[in-house]
Amino acid sequence: MTAGSAAAAAGLHGGDEIRTLNGATVSGQRDVVFGLLDAMSSRGEADLSVRGSGGEVRSAKLSVPDAAQRRRLTEPAELFRGLGFQFWTPPLPAVLGQVMPDGPAARAGLQAGDNIVAIDGQPVHDFREIVALISAHPGERVTVDYRRRGIAHRVQLQIQSEQVAGKRVGRIHVTQPPGKGYPTACCGTPIWARR
């Protein structure tokens with residue numbers, strides 16, 4: 001939790017789920033974003049009803065009395081960082097979805113459904129970890145440990161180097177598995193406090 005943040009002062013905790021915002025039921029992130037933008041650009045207060053990770057429901061009040069700070073919060077990407085929390089994102093299994101033909105992963109023999117266990121000896125548990133490790137090593141050769149139908153395999157993979165927004169990043173041309181990630185429907189919006 002960011003010390004001194006509005007979220008800390010309101011008593012929000014990691015895993016809290018926002019149920020209502022200023023009396024209105026929250027059905028997703030969009031409701032929270034627009035509700036908080038409206039609250040911060042007007043009086044700088046937002047009354048929340050949250051459900052904790054243990055199931056208890058409680059009230060919390062986000063308050064930003066400083067008008068200059070409220071204006072900063074209405075700038076793109078500043079709202080949640082400035083308040084001291086961010087939305088929860090579900091874990092993504094470290095499993096390959098589509099493997100593009102003739103891409104680096106396909107040339108190394110990787111297939112859709114392969115469960116990546118480690119890259120250069122560094123364990124991975126989430127698809128985002130695969131992306132981060134591959135992106136950080138453009139043009140390099142890495143060892144990939146994976147499981148296919150329960151059997152352990154190891155392969156050498158040459159990461160492709162690509163120019164993205166003026167920076168060299170590594171790519172292996174795979175996607176996350178379909179149907180993984182955000183649930184299609186939920187009630188409330190889980191958040192977790194920044195640390």
# chains A, B, ... in the order shown; residues from 1 in each chain; ligands from 1
>>> residues_around(residues="Leu21 (chain A)", least_positions_apart="3", cutoff="12 Å", atoms="only C-alpha atoms", output="MDAnalysis selection string")
chainID A and resid 17:18 24:39 45:50 59:62 188:189
>>> select_by_dssp(residues="chain A", states="strand (DSSP E)", output="ChimeraX atom specification")
/A:17-21,24-25,45-51,57-63,85-87,115-119,122-123,141-148,151-158,160-164,167-171,189-193
>>> closest_residue(among="A:Ile134, A:Val174, A:Met40, A:Ile116", to="Gly103 (chain A)", atoms="only C-alpha atoms")
A:Val174
>>> select_by_dssp(residues="region 11-182 of chain A", states="alpha helix (DSSP H)", output="PyMOL selection string")
chain A and resi 29-41+67-73+79-83+104-107+127-135
>>> write_last_selection(atoms="C-alpha atoms", output="compact mmCIF listing (two decimals), in the first residue's frame")
# COMPACT_ATOMS: atom_id res chain seq x y z
CA GLN A 29 -14.27 -1.22 -14.12
CA ARG A 30 -15.94 1.32 -16.37
CA ASP A 31 -18.41 2.26 -13.62
CA VAL A 32 -15.51 2.74 -11.19
CA VAL A 33 -13.43 4.82 -13.61
CA PHE A 34 -16.24 7.21 -14.51
CA GLY A 35 -17.58 7.34 -10.96
CA LEU A 36 -14.19 8.24 -9.51
CA LEU A 37 -13.44 10.77 -12.26
CA ASP A 38 -16.78 12.44 -11.57
CA ALA A 39 -16.22 12.41 -7.80
CA MET A 40 -12.65 13.73 -8.00
CA SER A 41 -13.48 16.47 -10.49
CA ALA A 67 -8.05 21.03 -5.64
CA ALA A 68 -4.68 20.95 -7.46
CA GLN A 69 -4.23 17.27 -6.63
CA ARG A 70 -7.79 16.54 -7.83
CA ARG A 71 -7.02 18.20 -11.16
CA ARG A 72 -3.93 16.01 -11.54
CA LEU A 73 -6.05 12.92 -10.89
CA LEU A 79 -6.41 8.53 -11.38
CA PHE A 80 -5.61 5.15 -9.83
CA ARG A 81 -1.90 5.75 -9.31
CA GLY A 82 -2.73 9.02 -7.56
CA LEU A 83 -5.38 7.40 -5.35
CA PRO A 104 10.44 -18.21 -33.53
CA ALA A 105 8.31 -20.42 -31.23
CA ALA A 106 7.08 -22.59 -34.13
CA ARG A 107 10.62 -22.94 -35.52
CA PHE A 127 1.66 -15.80 -19.31
CA ARG A 128 2.62 -12.17 -18.52
CA GLU A 129 5.92 -13.46 -17.10
CA ILE A 130 6.63 -15.16 -20.43
CA VAL A 131 5.97 -11.90 -22.27
CA ALA A 132 8.19 -9.91 -19.87
CA LEU A 133 11.13 -12.33 -20.10
CA ILE A 134 10.95 -12.66 -23.89
CA SER A 135 10.51 -8.90 -24.43
>>> residues_around(residues="Ser53 (chain A)", least_positions_apart="5", cutoff="8 Å", atoms="only C-alpha atoms", output="PyMOL selection string")
chain A and resi 14-17
>>> atom_distance(atom1="CA of Leu96 (chain A)", atom2="CA of Leu110 (chain A)")
8.4 Å
>>> closest_residue(among="A:Gln176, A:Asn115, A:Gln122, A:Thr143", to="Val155 (chain A)", atoms="only C-alpha atoms")
A:Thr143
>>> closest_residue(among="A:Ile159, A:Gly113, A:His13, A:Val169", to="Arg51 (chain A)", atoms="only C-alpha atoms")
A:His13
>>> residues_around(residues="His153 (chain A)", least_positions_apart="4", cutoff="12 Å", atoms="only C-alpha atoms", output="list in words")
Ala108, Gly109, Leu110, Gln111, Asp114, Asn115, Ile116, Val117, Ala118, Thr143, Val144, Asp145, Tyr146, Arg147, Arg148 and Arg149 of chain A
>>> residues_around(residues="Gln158 (chain A)", least_positions_apart="2", cutoff="7 Å", atoms="only C-alpha atoms", output="count of residues only")
7
>>> atom_distance(atom1="CA of Ser63 (chain A)", atom2="CA of Leu12 (chain A)")
12.3 Å
>>> atom_distance(atom1="CA of Gly54 (chain A)", atom2="CA of Ala8 (chain A)")
18.5 Å
>>> residues_around(residues="Gly97 (chain A)", least_positions_apart="4", cutoff="6 Å", atoms="only C-alpha atoms", output="list in words")
Ala112, Thr175, Gln176 and Pro177 of chain A
